[in-house]
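Structure below is input20.txt: compact mmCIF, C-alpha atoms and all ligand atoms.
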```txt
# COMPACT_ATOMS: atom_id res chain seq x y z
CA MET A 1 102.03 70.84 136.76
CA ASN A 2 104.50 73.76 136.93
CA LYS A 3 103.52 76.26 134.16
CA LYS A 4 107.09 76.50 132.86
CA ILE A 5 107.26 72.71 132.47
CA ARG A 6 103.95 72.67 130.59
CA GLU A 7 105.40 75.29 128.24
CA ILE A 8 108.47 73.10 127.60
CA LEU A 9 106.26 70.08 126.84
CA ASN A 10 104.15 72.20 124.46
CA LYS A 11 107.18 73.09 122.36
CA LYS A 12 107.57 69.51 121.09
CA ASN A 13 107.00 69.39 117.30
CA LYS A 14 106.45 73.16 117.26
CA THR A 15 109.68 74.96 118.05
CA LYS A 16 113.17 73.99 119.16
CA ILE A 17 114.02 74.18 122.86
CA VAL A 18 117.07 76.33 123.67
CA SER A 19 119.16 75.35 126.71
CA LEU A 20 122.55 76.24 128.18
CA THR A 21 124.36 75.67 131.45
CA ALA A 22 125.09 78.31 134.11
CA TYR A 23 126.96 78.28 137.40
CA SER A 24 126.62 81.92 138.46
CA LYS A 25 124.16 84.82 138.55
CA ASN A 26 125.71 87.18 135.98
CA VAL A 27 125.81 84.54 133.25
CA ALA A 28 122.35 83.23 134.20
CA ASN A 29 120.98 86.75 133.86
CA ILE A 30 122.08 86.87 130.21
CA LEU A 31 120.92 83.30 129.41
CA ASP A 32 117.53 83.94 130.98
CA LYS A 33 116.63 86.35 128.17
CA HIS A 34 117.21 83.77 125.45
CA CYS A 35 116.99 80.23 126.87
CA ASP A 36 113.99 78.04 127.65
CA ILE A 37 116.03 75.94 130.08
CA VAL A 38 119.06 76.85 132.20
CA LEU A 39 120.86 73.85 133.71
CA VAL A 40 123.19 74.02 136.68
CA GLY A 41 125.24 71.09 135.42
CA ASP A 42 127.74 68.98 137.28
CA SER A 43 129.97 69.88 134.31
CA MET A 44 131.06 72.60 136.74
CA ALA A 45 133.53 69.89 137.88
CA ASN A 46 135.57 70.20 134.69
CA VAL A 47 134.74 73.80 133.86
CA LEU A 48 135.19 75.50 137.25
CA TYR A 49 137.01 73.09 139.52
CA ASP A 50 139.49 71.52 137.10
CA HIS A 51 138.41 67.98 138.08
CA LYS A 52 139.12 65.10 135.68
CA ASN A 53 135.51 63.93 135.82
CA THR A 54 132.21 64.97 137.44
CA HIS A 55 132.36 62.48 140.32
CA MET A 56 133.64 64.73 143.10
CA ILE A 57 131.01 67.45 142.81
CA THR A 58 129.01 67.56 146.03
CA LEU A 59 125.41 68.41 146.77
CA ASN A 60 126.73 71.52 148.55
CA ASN A 61 128.64 72.66 145.44
CA ILE A 62 125.49 72.29 143.36
CA ILE A 63 123.27 74.04 145.91
CA GLN A 64 125.67 77.01 146.31
CA HIS A 65 125.98 77.56 142.56
CA THR A 66 122.24 77.17 142.03
CA MET A 67 121.55 79.80 144.69
CA SER A 68 123.74 82.17 142.69
CA VAL A 69 122.15 81.20 139.32
CA LYS A 70 118.63 81.59 140.75
CA GLY A 71 119.44 85.28 141.32
CA GLY A 72 119.69 85.74 137.54
CA ILE A 73 116.62 83.73 136.48
CA LYS A 74 113.17 85.16 135.91
CA ASN A 75 111.76 83.29 132.92
CA SER A 76 113.75 80.18 132.06
CA LEU A 77 113.11 76.76 133.57
CA LEU A 78 115.84 76.21 136.14
CA VAL A 79 117.04 72.58 136.22
CA VAL A 80 119.64 71.27 138.67
CA ASP A 81 121.92 68.26 138.14
CA MET A 82 121.97 65.79 141.02
CA PRO A 83 125.62 64.86 141.66
CA LYS A 84 126.90 61.28 141.54
CA GLY A 85 125.91 59.29 144.62
CA THR A 86 123.13 61.67 145.70
CA TYR A 87 120.35 59.49 144.20
CA LYS A 88 121.72 55.99 144.63
CA ASN A 89 118.50 54.71 146.17
CA THR A 90 114.97 56.04 146.55
CA LYS A 91 115.37 57.17 150.15
CA ILE A 92 118.61 59.08 149.51
CA ALA A 93 117.26 60.53 146.26
CA LYS A 94 114.09 61.84 147.92
CA LYS A 95 115.99 63.40 150.82
CA ASN A 96 118.56 65.11 148.59
CA ALA A 97 116.18 66.21 145.84
CA LYS A 98 113.81 67.72 148.41
CA LEU A 99 116.73 69.62 149.95
CA VAL A 100 117.82 70.96 146.55
CA MET A 101 114.27 72.05 145.69
CA LYS A 102 113.77 73.70 149.09
CA LEU A 103 117.08 75.56 149.31
CA THR A 104 117.41 76.66 145.67
CA LYS A 105 113.76 77.08 144.61
CA CYS A 106 114.70 75.47 141.27
CA ASP A 107 111.98 74.08 138.98
CA ALA A 108 113.31 70.57 138.40
CA ILE A 109 116.22 68.21 138.89
CA LYS A 110 118.13 66.09 136.38
CA ILE A 111 119.39 62.59 137.03
CA GLU A 112 121.56 60.42 134.80
CA SER A 113 120.17 57.05 133.85
CA ASN A 114 122.06 53.85 134.60
CA ASN A 115 119.30 51.90 132.81
CA LYS A 116 118.02 50.76 136.23
CA ASN A 117 117.02 53.84 138.23
CA PHE A 118 113.52 54.28 136.73
CA LYS A 119 111.83 53.63 140.08
CA ILE A 120 113.75 56.53 141.61
CA ILE A 121 112.38 58.85 138.91
CA ARG A 122 108.86 57.56 139.57
CA GLU A 123 109.18 58.09 143.32
CA LEU A 124 110.56 61.63 142.94
CA ILE A 125 107.68 62.54 140.67
CA ARG A 126 105.27 61.08 143.21
CA GLU A 127 106.80 63.62 145.63
CA LYS A 128 106.01 66.37 143.06
CA ILE A 129 109.65 66.83 142.09
CA PRO A 130 109.87 67.25 138.29
CA VAL A 131 112.64 65.15 136.74
CA MET A 132 114.65 65.47 133.55
CA GLY A 133 116.32 62.22 132.44
CA HIS A 134 119.72 61.84 130.78
CA ILE A 135 120.82 58.94 128.54
CA GLY A 136 123.61 58.11 126.09
CA TYR A 137 127.01 59.20 127.33
CA THR A 138 126.34 59.64 131.05
CA PRO A 139 129.61 60.83 132.67
CA GLN A 140 128.58 59.78 136.20
CA PHE A 141 128.27 56.11 135.16
CA LYS A 142 130.44 55.62 132.04
CA LYS A 143 134.21 55.53 132.23
CA LYS A 144 135.01 55.91 128.55
CA PHE A 145 133.57 58.42 126.10
CA LYS A 146 132.05 56.88 122.98
CA ILE A 147 129.27 57.65 120.54
CA GLU A 148 126.23 55.80 121.85
CA GLY A 149 123.58 54.03 119.78
CA ALA A 150 125.68 53.47 116.67
CA SER A 151 124.48 49.87 116.11
CA GLN A 152 120.86 48.71 115.73
CA LYS A 153 121.16 46.72 118.95
CA GLU A 154 122.36 49.77 120.91
CA ALA A 155 119.70 51.94 119.27
CA ASN A 156 116.95 49.55 120.44
CA LYS A 157 118.41 49.48 123.94
CA LEU A 158 118.52 53.28 124.16
CA LEU A 159 114.98 53.59 122.83
CA LYS A 160 113.79 51.15 125.49
CA GLU A 161 115.63 53.11 128.19
CA ALA A 162 114.14 56.42 126.98
CA ARG A 163 110.65 54.89 126.98
CA MET A 164 111.12 53.65 130.55
CA ILE A 165 112.18 57.16 131.64
CA GLU A 166 109.15 58.67 129.93
CA LYS A 167 106.89 56.06 131.52
CA ALA A 168 108.37 56.85 134.95
CA GLY A 169 107.11 60.43 134.44
CA ALA A 170 110.14 62.52 133.39
CA PHE A 171 109.21 65.72 131.53
CA SER A 172 112.19 65.59 129.14
CA ILE A 173 115.41 63.71 128.44
CA VAL A 174 118.93 64.84 127.61
CA LEU A 175 120.44 62.74 124.81
CA GLU A 176 124.22 63.01 125.09
CA CYS A 177 126.47 61.95 122.20
CA ILE A 178 123.92 59.64 120.56
CA ALA A 179 124.21 58.71 116.88
CA PRO A 180 121.95 60.93 114.70
CA ASN A 181 119.58 58.20 113.47
CA THR A 182 119.12 56.87 117.00
CA ALA A 183 118.47 60.39 118.35
CA LYS A 184 115.90 60.76 115.56
CA LEU A 185 114.27 57.42 116.41
CA ILE A 186 114.04 58.25 120.13
CA THR A 187 112.73 61.78 119.48
CA LYS A 188 110.06 60.44 117.11
CA ASN A 189 108.91 57.77 119.55
CA LEU A 190 108.60 59.89 122.70
CA LYS A 191 105.89 62.33 123.67
CA ILE A 192 108.30 64.27 125.92
CA PRO A 193 110.98 66.50 124.38
CA THR A 194 114.56 65.34 123.85
CA ILE A 195 117.37 67.82 124.46
CA GLY A 196 120.50 66.92 122.52
CA ILE A 197 124.18 67.52 123.14
CA GLY A 198 126.34 66.04 120.41
CA SER A 199 123.23 64.17 119.22
CA SER A 200 122.31 65.95 115.96
CA VAL A 201 119.64 68.38 114.88
CA TYR A 202 116.87 65.74 115.17
CA CYS A 203 116.41 66.35 118.91
CA ASP A 204 113.59 68.64 120.11
CA GLY A 205 116.12 71.02 121.63
CA GLN A 206 119.82 71.58 122.16
CA ILE A 207 122.07 72.16 125.15
CA LEU A 208 125.74 73.12 125.36
CA VAL A 209 128.06 73.94 128.22
CA THR A 210 128.14 77.75 128.11
CA ASP A 211 131.87 78.08 128.85
CA ASP A 212 132.59 75.76 125.89
CA MET A 213 130.42 77.62 123.37
CA LEU A 214 131.82 80.97 124.50
CA GLY A 215 135.40 79.78 123.98
CA LEU A 216 136.32 80.03 127.67
CA SER A 217 136.89 76.43 128.73
CA GLY A 218 139.46 75.18 126.22
CA PHE A 219 137.26 72.08 125.63
CA TYR A 220 136.15 72.04 122.03
CA PRO A 221 135.14 68.60 120.73
CA LYS A 222 133.51 68.45 117.29
CA PHE A 223 129.97 68.88 118.63
CA VAL A 224 130.82 72.19 120.34
CA LYS A 225 130.50 75.15 118.04
CA ARG A 226 132.38 78.16 119.41
CA PHE A 227 129.98 81.09 119.13
CA ALA A 228 132.53 83.51 120.65
CA SER A 229 136.17 83.63 121.70
CA LEU A 230 135.84 85.19 125.12
CA ASN A 231 139.28 83.92 126.18
CA SER A 232 140.99 86.35 123.82
CA GLU A 233 138.47 89.16 124.58
CA ILE A 234 139.20 88.87 128.31
CA GLU A 235 142.92 88.68 127.70
CA LYS A 236 142.81 91.85 125.60
CA ALA A 237 141.02 93.71 128.40
CA VAL A 238 143.41 92.41 131.09
CA LYS A 239 146.45 93.46 129.00
CA LYS A 240 145.00 96.96 128.54
CA TYR A 241 144.40 97.20 132.28
CA ARG A 242 147.95 96.02 133.05
CA ASN A 243 149.49 98.58 130.70
CA LYS A 244 147.45 101.45 132.15
CA VAL A 245 148.45 100.49 135.70
CA LYS A 246 152.14 100.20 134.80
CA LEU A 247 152.06 103.57 132.97
CA LYS A 248 150.19 105.17 135.90
CA LYS A 249 147.34 106.00 133.53
CA PHE A 250 144.82 104.11 135.65
CA PRO A 251 143.22 105.30 137.82
CA ALA A 252 142.86 108.55 135.88
CA LYS A 253 141.44 111.73 137.38
CA GLN A 254 137.88 110.77 136.43
CA ASN A 255 138.29 107.57 138.48
CA PHE A 256 139.26 109.45 141.67
CA LEU A 257 136.38 109.34 144.12
CA ASN A 258 136.72 112.95 145.23
CA GLY A 259 137.66 114.17 141.72
CA LYS A 260 141.08 115.55 142.81
O1 LIG A 301 126.50 68.71 133.48
C1 LIG A 301 126.10 69.18 132.40
O2 LIG A 301 126.43 70.31 132.00
C2 LIG A 301 125.22 68.34 131.60
C3 LIG A 301 124.95 68.76 130.19
C4 LIG A 301 126.13 68.51 129.37
C5 LIG A 301 123.74 68.15 129.65
O3 LIG A 301 124.76 67.35 132.06
```
Output the file's structure as structure tokens, nothing else.
Ligand code: KIV
Amino acid sequence: MNKKIREILNKKNKTKIVSLTAYSKNVANILDKHCDIVLVGDSMANVLYDHKNTHMITLNNIIQHTMSVKGGIKNSLLVVDMPKGTYKNTKIAKKNAKLVMKLTKCDAIKIESNNKNFKIIRELIREKIPVMGHIGYTPQFKKKFKIEGASQKEANKLLKEARMIEKAGAFSIVLECIAPNTAKLITKNLKIPTIGIGSSVYCDGQILVTDDMLGLSGFYPKFVKRFASLNSEIEKAVKKYRNKVKLKKFPAKQNFLNGK
């Protein structure tokens, strides 16, 4: 087993797992110093490409951005989201996941569960491709956003799904927008770590979309805490630059290449 994956597994019940998303090298370079897992998420659809959902992101998009992110990663576990349609059966999943692993040198891939694709996970793992699962609100398969696992019946269904993913061999599972008590139940009943987004503090780790938590994306649902307001920081810098250019104060003498 990949050493970094063993380290993630060992954190369960000891210390929380810290994860964020990245789509480019410069951001990845900063995250790498502080995150256990960096995910190249198909959330790039909304964040970078202004798509309404994640469905149009291609394998090429994901591979290009992961190649950039990889340039900034030394320590974190690098996980890559498989886009919608790229793992619709075992044969297609194997071909695409192998290509992603080969071209990007990432550590693992993530696939969203449709409560049926357990065999695909099992087959990928048989090919030595580590897999992270994803349950709850799964944007590739669910049309409408809702809190998942709010009733006892839904909680039991999600627990069963999580167990199947663990049994198939996944090394961890993202729990997206799952009711706190259900996230707690799943986390308690699995040996592999759960990584929550909008799923309470009971998960073994947390993930957020970096552009959201930095205040860059404009998408701030209740579960996103804004840890910075980079939008206004960037705007301040751009305004300063504009004023200097207009007033002919930039470039100043010290910015001239030959000093004259
Ligand atoms: O695409 C993504 O960024 C994700 C996270 C929200 C878990 O899947």
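Considering the residues A:Ile73, A:Leu39, A:Ile63, A:Leu48 and counting all atoms listed in the file, ligand LIG 301 (chain A) has its shortest atom-to-atom contact with A:Leu39.
One finds atom CA of Val79 of chain A at 14.0 Å from atom CA of Gln64 of chain A.
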Per-residue nearest contacts chain A to ligand LIG 301 (chain A), cut-off 6 Å, using all atoms listed in the file, as CSV:
```
residue,atom,partner,partner_atom,distance
A:Thr21,CA,A:LIG301,O2,5.8
A:Gly41,CA,A:LIG301,O1,3.3
A:Asp42,CA,A:LIG301,O1,4.0
A:Ser43,CA,A:LIG301,O1,3.8
A:Val209,CA,A:LIG301,O2,5.5
```
If we count all atoms listed in the file and set the cut-off at 8 Å, which residues sit around His55 of chain A, ignoring sequence neighbours fewer than 6 positions away in its own chain? Please answer as an MDAnalysis selection string. chainID A and resid 45 83:84 140
Across A:Leu214, A:Leu185, A:Ala155, A:Ile147, the smallest distance to Gly198 of chain A, with only C-alpha atoms counted, is shown by A:Ile147
Take segment 98-122 of chain A, bring it up to N, CA and C atoms, and give me the output as a PDB file, in the coordinates of the input.
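The result, written out as rebuild.pdb:
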```
ATOM      1  N   LYS A  98     114.676  66.796 147.651  1.00  0.00           N
ATOM      2  CA  LYS A  98     113.810  67.720 148.410  1.00  0.00           C
ATOM      3  C   LYS A  98     114.643  68.889 148.948  1.00  0.00           C
ATOM      4  N   LEU A  99     115.846  68.574 149.427  1.00  0.00           N
ATOM      5  CA  LEU A  99     116.730  69.620 149.950  1.00  0.00           C
ATOM      6  C   LEU A  99     117.108  70.610 148.847  1.00  0.00           C
ATOM      7  N   VAL A 100     117.453  70.089 147.680  1.00  0.00           N
ATOM      8  CA  VAL A 100     117.820  70.960 146.550  1.00  0.00           C
ATOM      9  C   VAL A 100     116.640  71.868 146.180  1.00  0.00           C
ATOM     10  N   MET A 101     115.455  71.269 146.075  1.00  0.00           N
ATOM     11  CA  MET A 101     114.270  72.050 145.690  1.00  0.00           C
ATOM     12  C   MET A 101     113.980  73.138 146.726  1.00  0.00           C
ATOM     13  N   LYS A 102     114.106  72.768 148.004  1.00  0.00           N
ATOM     14  CA  LYS A 102     113.770  73.700 149.090  1.00  0.00           C
ATOM     15  C   LYS A 102     114.789  74.851 149.169  1.00  0.00           C
ATOM     16  N   LEU A 103     116.063  74.523 149.109  1.00  0.00           N
ATOM     17  CA  LEU A 103     117.080  75.560 149.310  1.00  0.00           C
ATOM     18  C   LEU A 103     117.286  76.439 148.071  1.00  0.00           C
ATOM     19  N   THR A 104     117.083  75.879 146.887  1.00  0.00           N
ATOM     20  CA  THR A 104     117.410  76.660 145.670  1.00  0.00           C
ATOM     21  C   THR A 104     116.177  77.212 144.972  1.00  0.00           C
ATOM     22  N   LYS A 105     115.011  76.680 145.307  1.00  0.00           N
ATOM     23  CA  LYS A 105     113.760  77.080 144.610  1.00  0.00           C
ATOM     24  C   LYS A 105     113.891  76.862 143.086  1.00  0.00           C
ATOM     25  N   CYS A 106     114.597  75.801 142.695  1.00  0.00           N
ATOM     26  CA  CYS A 106     114.700  75.470 141.270  1.00  0.00           C
ATOM     27  C   CYS A 106     113.382  74.841 140.814  1.00  0.00           C
ATOM     28  N   ASP A 107     113.239  74.643 139.500  1.00  0.00           N
ATOM     29  CA  ASP A 107     111.980  74.080 138.980  1.00  0.00           C
ATOM     30  C   ASP A 107     112.022  72.573 138.857  1.00  0.00           C
ATOM     31  N   ALA A 108     113.205  72.013 138.669  1.00  0.00           N
ATOM     32  CA  ALA A 108     113.310  70.570 138.400  1.00  0.00           C
ATOM     33  C   ALA A 108     114.729  70.099 138.672  1.00  0.00           C
ATOM     34  N   ILE A 109     114.875  68.774 138.754  1.00  0.00           N
ATOM     35  CA  ILE A 109     116.220  68.210 138.890  1.00  0.00           C
ATOM     36  C   ILE A 109     116.483  67.283 137.696  1.00  0.00           C
ATOM     37  N   LYS A 110     117.769  67.041 137.448  1.00  0.00           N
ATOM     38  CA  LYS A 110     118.130  66.090 136.380  1.00  0.00           C
ATOM     39  C   LYS A 110     118.912  64.952 136.991  1.00  0.00           C
ATOM     40  N   ILE A 111     118.581  63.721 136.594  1.00  0.00           N
ATOM     41  CA  ILE A 111     119.390  62.590 137.030  1.00  0.00           C
ATOM     42  C   ILE A 111     119.815  61.762 135.813  1.00  0.00           C
ATOM     43  N   GLU A 112     121.042  61.260 135.884  1.00  0.00           N
ATOM     44  CA  GLU A 112     121.560  60.420 134.800  1.00  0.00           C
ATOM     45  C   GLU A 112     120.998  59.013 134.949  1.00  0.00           C
ATOM     46  N   SER A 113     120.698  58.409 133.821  1.00  0.00           N
ATOM     47  CA  SER A 113     120.170  57.050 133.850  1.00  0.00           C
ATOM     48  C   SER A 113     121.315  56.037 133.870  1.00  0.00           C
ATOM     49  N   ASN A 114     121.137  54.983 134.682  1.00  0.00           N
ATOM     50  CA  ASN A 114     122.060  53.850 134.600  1.00  0.00           C
ATOM     51  C   ASN A 114     121.301  52.630 134.071  1.00  0.00           C
ATOM     52  N   ASN A 115     120.178  52.929 133.400  1.00  0.00           N
ATOM     53  CA  ASN A 115     119.300  51.900 132.810  1.00  0.00           C
ATOM     54  C   ASN A 115     118.654  51.024 133.887  1.00  0.00           C
ATOM     55  N   LYS A 116     118.656  51.517 135.144  1.00  0.00           N
ATOM     56  CA  LYS A 116     118.020  50.760 136.230  1.00  0.00           C
ATOM     57  C   LYS A 116     117.221  51.685 137.140  1.00  0.00           C
ATOM     58  N   ASN A 117     117.581  52.969 137.187  1.00  0.00           N
ATOM     59  CA  ASN A 117     117.020  53.840 138.230  1.00  0.00           C
ATOM     60  C   ASN A 117     115.661  54.487 137.870  1.00  0.00           C
ATOM     61  N   PHE A 118     114.832  53.750 137.132  1.00  0.00           N
ATOM     62  CA  PHE A 118     113.520  54.280 136.730  1.00  0.00           C
ATOM     63  C   PHE A 118     112.591  54.467 137.935  1.00  0.00           C
ATOM     64  N   LYS A 119     112.713  53.557 138.904  1.00  0.00           N
ATOM     65  CA  LYS A 119     111.830  53.630 140.080  1.00  0.00           C
ATOM     66  C   LYS A 119     112.111  54.923 140.871  1.00  0.00           C
ATOM     67  N   ILE A 120     113.379  55.304 140.893  1.00  0.00           N
ATOM     68  CA  ILE A 120     113.750  56.530 141.610  1.00  0.00           C
ATOM     69  C   ILE A 120     113.063  57.735 140.956  1.00  0.00           C
ATOM     70  N   ILE A 121     113.074  57.763 139.632  1.00  0.00           N
ATOM     71  CA  ILE A 121     112.380  58.850 138.910  1.00  0.00           C
ATOM     72  C   ILE A 121     110.900  58.861 139.299  1.00  0.00           C
ATOM     73  N   ARG A 122     110.291  57.670 139.260  1.00  0.00           N
ATOM     74  CA  ARG A 122     108.860  57.560 139.570  1.00  0.00           C
ATOM     75  C   ARG A 122     108.556  58.067 140.982  1.00  0.00           C
TER      76      ARG A 122
END
```
